[in-house]
Each structure stands twice: as structure tokens, then as C-alpha cells.
file query_33.cif (mmCIF, C-alpha atoms)
data_query
loop_
_atom_site.label_atom_id
_atom_site.label_comp_id
_atom_site.auth_asym_id
_atom_site.auth_seq_id
_atom_site.Cartn_x
_atom_site.Cartn_y
_atom_site.Cartn_z
CA MET Y 1 -26.56 -47.86 26.15
CA LEU Y 2 -28.02 -44.37 26.51
CA LYS Y 3 -31.26 -43.81 28.34
CA PRO Y 4 -34.02 -41.80 26.64
CA ALA Y 5 -33.58 -38.98 29.18
CA ALA Y 6 -29.87 -38.67 28.29
CA ILE Y 7 -30.66 -38.49 24.56
CA VAL Y 8 -33.29 -35.79 25.12
CA GLY Y 9 -30.82 -33.86 27.30
CA GLN Y 10 -28.13 -34.01 24.62
CA VAL Y 11 -30.55 -32.80 21.94
CA ILE Y 12 -31.59 -29.86 24.12
CA LEU Y 13 -27.97 -28.89 24.97
CA TYR Y 14 -26.78 -29.22 21.35
CA GLY Y 15 -29.79 -27.20 20.17
CA ALA Y 16 -29.09 -24.44 22.72
CA PHE Y 17 -25.43 -24.37 21.69
CA ALA Y 18 -26.37 -24.09 17.98
CA ALA Y 19 -28.83 -21.28 18.78
CA VAL Y 20 -26.16 -19.31 20.66
CA ILE Y 21 -23.66 -19.73 17.80
CA GLY Y 22 -26.29 -18.77 15.22
CA THR Y 23 -27.31 -15.69 17.19
CA PHE Y 24 -23.77 -14.34 17.55
CA ALA Y 25 -22.95 -15.14 13.91
CA THR Y 26 -25.59 -12.66 12.72
CA TRP Y 27 -25.94 -10.22 15.61
CA PRO Y 28 -24.81 -7.56 16.49
CA LYS Y 29 -24.30 -6.29 12.98
CA TYR Y 30 -20.70 -5.17 12.34
CA GLN Y 31 -20.02 -2.20 10.10
CA GLN Y 32 -16.40 -1.39 9.30
CA ILE Y 33 -17.05 2.23 8.25
CA PRO Y 34 -20.12 4.49 8.52
CA SER Y 35 -22.68 4.16 5.71
CA ASP Y 36 -22.00 7.66 4.28
CA VAL Y 37 -18.21 7.24 4.15
CA ALA Y 38 -15.86 5.77 1.52
CA LEU Y 39 -12.37 4.43 2.06
CA ILE Y 40 -9.15 5.28 0.21
CA LYS Y 41 -6.29 2.83 0.77
CA LEU Y 42 -2.76 3.89 -0.13
CA SER Y 43 -0.66 0.76 -0.60
CA ILE Y 44 2.70 1.17 -2.33
CA SER Y 45 5.87 -0.95 -2.37
CA HIS Y 46 8.65 0.33 -4.62
CA LEU Y 47 12.42 0.27 -4.99
CA GLY Y 48 13.98 3.73 -5.01
CA GLU Y 49 16.43 4.62 -7.76
CA ARG Y 50 20.16 4.13 -7.45
CA GLU Y 51 22.66 6.89 -8.26
CA CYS Y 52 24.98 5.39 -10.87
CA ARG Y 53 27.96 7.25 -12.26
CA LYS Y 54 29.84 6.57 -15.46
CA ARG Y 55 33.44 5.46 -14.99
CA THR Y 56 36.15 7.34 -16.85
CA PRO Y 57 38.35 5.55 -19.42
CA GLU Y 58 41.30 5.89 -17.00
CA GLU Y 59 39.37 4.12 -14.24
CA LEU Y 60 38.34 1.34 -16.60
CA ALA Y 61 41.95 0.85 -17.80
CA LYS Y 62 43.15 0.32 -14.21
CA MET Y 63 40.60 -2.44 -13.62
CA PRO Y 64 40.97 -6.12 -14.55
CA PRO Y 65 39.27 -6.89 -17.90
CA ASN Y 66 36.50 -8.98 -16.31
CA MET Y 67 35.55 -6.12 -13.91
CA ARG Y 68 35.24 -3.31 -16.48
CA ALA Y 69 31.60 -2.36 -16.02
CA PRO Y 70 31.02 1.11 -17.50
CA LEU Y 71 28.74 2.16 -14.63
CA ASP Y 72 29.52 2.29 -10.92
CA CYS Y 73 26.25 1.76 -9.04
CA PRO Y 74 26.17 1.69 -5.23
CA ARG Y 75 24.00 -0.85 -3.49
CA GLU Y 76 22.03 1.74 -1.49
CA ARG Y 77 18.67 2.95 -2.83
CA SER Y 78 17.23 6.45 -2.68
CA ASP Y 79 14.49 7.45 -0.26
CA ILE Y 80 11.03 7.94 -1.77
CA ARG Y 81 8.99 11.10 -1.23
CA LEU Y 82 5.22 10.62 -1.37
CA GLU Y 83 2.45 13.21 -1.18
CA MET Y 84 -1.32 12.83 -1.38
CA ASP Y 85 -3.86 15.67 -1.66
CA LEU Y 86 -7.65 15.45 -1.50
CA ASP Y 87 -9.59 18.41 -2.92
CA GLY Y 88 -6.42 20.51 -2.88
CA GLU Y 89 -5.72 19.89 0.81
CA PRO Y 90 -2.73 17.77 1.87
CA ILE Y 91 -3.81 14.61 3.69
CA PHE Y 92 -0.53 12.67 3.65
CA ARG Y 93 3.15 13.57 3.34
CA THR Y 94 6.04 11.23 4.02
CA VAL Y 95 9.54 10.15 3.07
CA LEU Y 96 9.90 6.37 2.82
CA HIS Y 97 13.26 4.88 3.66
CA PRO Y 98 14.52 1.70 1.98
CA THR Y 99 14.54 -1.45 4.07
CA GLY Y 100 17.41 -3.87 4.44
CA LEU Y 101 20.74 -3.94 6.17
CA TYR Y 102 22.40 -2.01 3.36
CA LYS Y 103 19.37 0.19 2.55
CA ASP Y 104 18.88 -1.75 -0.67
CA GLY Y 105 15.36 -3.05 -0.10
CA VAL Y 106 11.88 -1.97 -0.99
CA SER Y 107 10.17 1.09 0.53
CA THR Y 108 6.61 0.35 1.65
CA VAL Y 109 3.62 2.35 2.87
CA TYR Y 110 0.07 1.35 3.78
CA LYS Y 111 -2.43 3.95 4.98
CA ARG Y 112 -6.21 4.14 4.94
CA PHE Y 113 -8.27 7.30 4.81
CA GLU Y 114 -12.00 7.58 5.54
CA VAL Y 115 -13.52 10.29 3.33
CA ALA Y 116 -17.04 11.50 2.68
CA ALA Y 117 -18.70 9.73 -0.24
CA GLY Y 118 -19.09 11.82 -3.37
CA SER Y 119 -16.90 13.58 -5.91
CA HIS Y 120 -13.32 14.54 -5.03
CA ARG Y 121 -10.09 15.59 -6.74
CA LEU Y 122 -7.33 13.16 -5.73
CA THR Y 123 -3.69 13.98 -6.44
CA VAL Y 124 -0.82 11.61 -5.64
CA ARG Y 125 2.83 12.51 -6.28
CA MET Y 126 5.84 10.22 -5.90
CA ASP Y 127 9.56 10.89 -6.31
CA ASP Y 128 11.83 7.83 -6.23
CA ASN Y 129 15.09 9.74 -6.64
CA LEU Y 130 15.53 12.59 -4.17
CA ASP Y 131 18.73 13.79 -5.85
CA LYS Y 132 16.68 15.06 -8.82
CA PRO Y 133 14.21 17.91 -8.24
CA GLY Y 134 10.52 17.36 -8.91
CA PHE Y 135 8.26 14.34 -8.89
CA ASP Y 136 8.80 11.39 -11.22
CA TYR Y 137 5.20 10.14 -10.99
CA VAL Y 138 2.04 12.25 -10.66
CA LYS Y 139 -1.59 11.10 -10.83
CA ASP Y 140 -4.31 13.76 -10.64
CA GLU Y 141 -7.87 12.66 -11.21
CA GLN Y 142 -11.47 13.58 -10.41
CA ILE Y 143 -12.97 10.56 -8.62
CA THR Y 144 -16.48 9.70 -7.48
CA LEU Y 145 -16.76 7.45 -4.45
CA ALA Y 146 -19.96 5.63 -3.53
CA PRO Y 147 -20.84 5.07 0.13
CA ALA Y 148 -18.82 2.16 1.61
CA GLN Y 149 -16.68 1.97 -1.57
CA VAL Y 150 -13.01 1.08 -1.17
CA MET Y 151 -10.58 2.62 -3.66
CA VAL Y 152 -6.90 1.60 -3.72
CA VAL Y 153 -4.01 3.84 -4.75
CA ASP Y 154 -1.25 1.59 -6.03
CA PHE Y 155 2.00 1.75 -7.99
CA ASN Y 156 3.13 -0.44 -10.85
CA PRO Y 157 5.86 0.75 -13.24
CA ASP Y 158 4.56 -1.62 -15.94
CA ARG Y 159 1.17 0.15 -15.85
CA GLY Y 160 2.69 3.62 -16.12
CA GLY Y 161 3.27 4.32 -12.43
CA LEU Y 162 0.55 5.41 -10.03
CA PHE Y 163 -3.00 4.22 -10.62
CA PHE Y 164 -6.36 4.11 -8.84
CA LYS Y 165 -8.46 0.95 -8.71
#
call {"tool": "encode", "arguments": {"input": "query_33.cif", "output": "C-alpha cells"}}
result
Amino acid sequence: MLKPAAIVGQVILYGAFAAVIGTFATWPKYQQIPSDVALIKLSISHLGERECRKRTPEELAKMPPNMRAPLDCPRERSDIRLEMDLDGEPIFRTVLHPTGLYKDGVSTVYKRFEVAAGSHRLTVRMDDNLDKPGFDYVKDEQITLAPAQVMVVDFNPDRGGLFFK
């Protein structure tokens, strides 16, 4: 059986512990980015193109009937070239290499950029087949970012390629 002094002691210790937890749960205030800054996150995962060639009729005739695929496609994927400009100035340039033992996996990038809040021109270009000149996907848009806003640059071929959300 507990004595009244032990019960009072436990209440005081538990109360002090709860006060310490409550204090550090709300103080000091944490701010991820300054109040006048917005955040642009570039997050893209994409499979590069494969360079397929058409087999000649002579090649197809030499093959067994069950192996006569008209296209010869290697397993390896192309590198992906990615460029991002903010207000006409380059802020990110890279070539993404495919993952995997046979270079047949997805190419991935994740970068975050702190920019001043306000209106900006954002241009993102992506080329998923480096054997062809030029960029396959381009998104150029005037954006307005509020303070502490987070905007994501993503890629989805079903939505037309590059998009901002």
C-alpha cells in the first residue's frame, strides 16, 4: 500500500515530466525554410528509351520460327539528360544513368531548390534518348510561388510528360 507522501511525490514527478515534454513539443519553433522563400522540388523517375533496330528479312529467315521478332531491342536503356532553368539562368544540369546490373533500370533524380517567393519563369527540359538530338520533353511556364510554398516538378508520360504541381 502506498503512503500519501509517495502518491504526492509521483504526481509531482509525473507532472514535471509532462511539463518538460509539453515545453519541448512546442518550443523552440522549427522552420524548415525562411518565411520569404519558396521551395521547388525536382523529383523524377523514368526509364530511358531503348535503341531498337529492325531485322532484315535475311536475318529473320535464319532464325527459328518461334524467335522471329521483327525488332532487335537490347536490354540496356539510354541515359537521360535533364536541364532546369529559373528566370533564364541554369540552376541544374545533369545526365542520369540507368540503374541495374545491365543498365536496364529506372533513372532517378531528387533535388530541392530554395528560391525567392514571387513570379518566375521555370523551364525544364528532358531527353530520354541521347542518340537523337534535341529534347523530347519541354515544360516552360510562368509560375508564382507564395512564401513557404512547395512546388514539385514531376514526370508522368500518361499526363503528357513534365508537369508542375
call {"tool": "atom_distance", "arguments": {"input": "query_33.cif", "atom1": "atom CA of Y:Val106", "atom2": "atom CA of Y:His46"}}
result
5.4 Å
call {"tool": "atom_distance", "arguments": {"input": "query_33.cif", "atom1": "atom CA of Y:Pro133", "atom2": "atom CA of Y:Gly88"}}
result
21.5 Å
call {"tool": "closest_residue", "arguments": {"input": "query_33.cif", "among": "Y:Val115, Y:Ile21, Y:Ala61, Y:Leu42", "to": "Y:Phe92", "atoms": "all atoms listed in the file"}}
result
Y:Leu42
call {"tool": "resolve_selection", "arguments": {"input": "query_33.cif", "expression": "the PyMOL selection byres ((chain Y and resi 120) around 7)", "output": "ChimeraX atom specification"}}
result
/Y:86-87,118-119,121-122,142-144
call {"tool": "residues_around", "arguments": {"input": "query_33.cif", "residues": "Y:Thr123", "least_positions_apart": "5", "cutoff": "8 Å", "atoms": "only C-alpha atoms", "output": "list in words"}}
result
Met84, Asp85, Leu86, Gly88, Val138, Lys139, Asp140 and Glu141 of chain Y
call {"tool": "closest_residue", "arguments": {"input": "query_33.cif", "among": "Y:Cys52, Y:Leu2, Y:Ile44, Y:Leu101", "to": "Y:Asp154", "atoms": "all atoms listed in the file"}}
result
Y:Ile44
call {"tool": "resolve_selection", "arguments": {"input": "query_33.cif", "expression": "the PyMOL selection byres ((chain Y and resi 75-81) around 7)", "output": "ChimeraX atom specification"}}
result
/Y:48-50,73-74,82-83,94-98,102-104,126-130
call {"tool": "atom_distance", "arguments": {"input": "query_33.cif", "atom1": "atom CA of Y:Lys41", "atom2": "atom CA of Y:Arg125"}}
result
15.1 Å
call {"tool": "closest_residue", "arguments": {"input": "query_33.cif", "among": "Y:Ala148, Y:Val124, Y:Ile33, Y:Ser43", "to": "Y:Thr108", "atoms": "only C-alpha atoms"}}
result
Y:Ser43
call {"tool": "resolve_selection", "arguments": {"input": "query_33.cif", "expression": "the PyMOL selection byres ((chain Y and resi 146) around 10)", "output": "NGL selection string"}}
result
:Y and (35-39 or 116-119 or 143-145 or 147-151)
call {"tool": "closest_residue", "arguments": {"input": "query_33.cif", "among": "Y:Gln32, Y:Tyr110, Y:Ala69, Y:Val152", "to": "Y:Thr56", "atoms": "only C-alpha atoms"}}
result
Y:Ala69
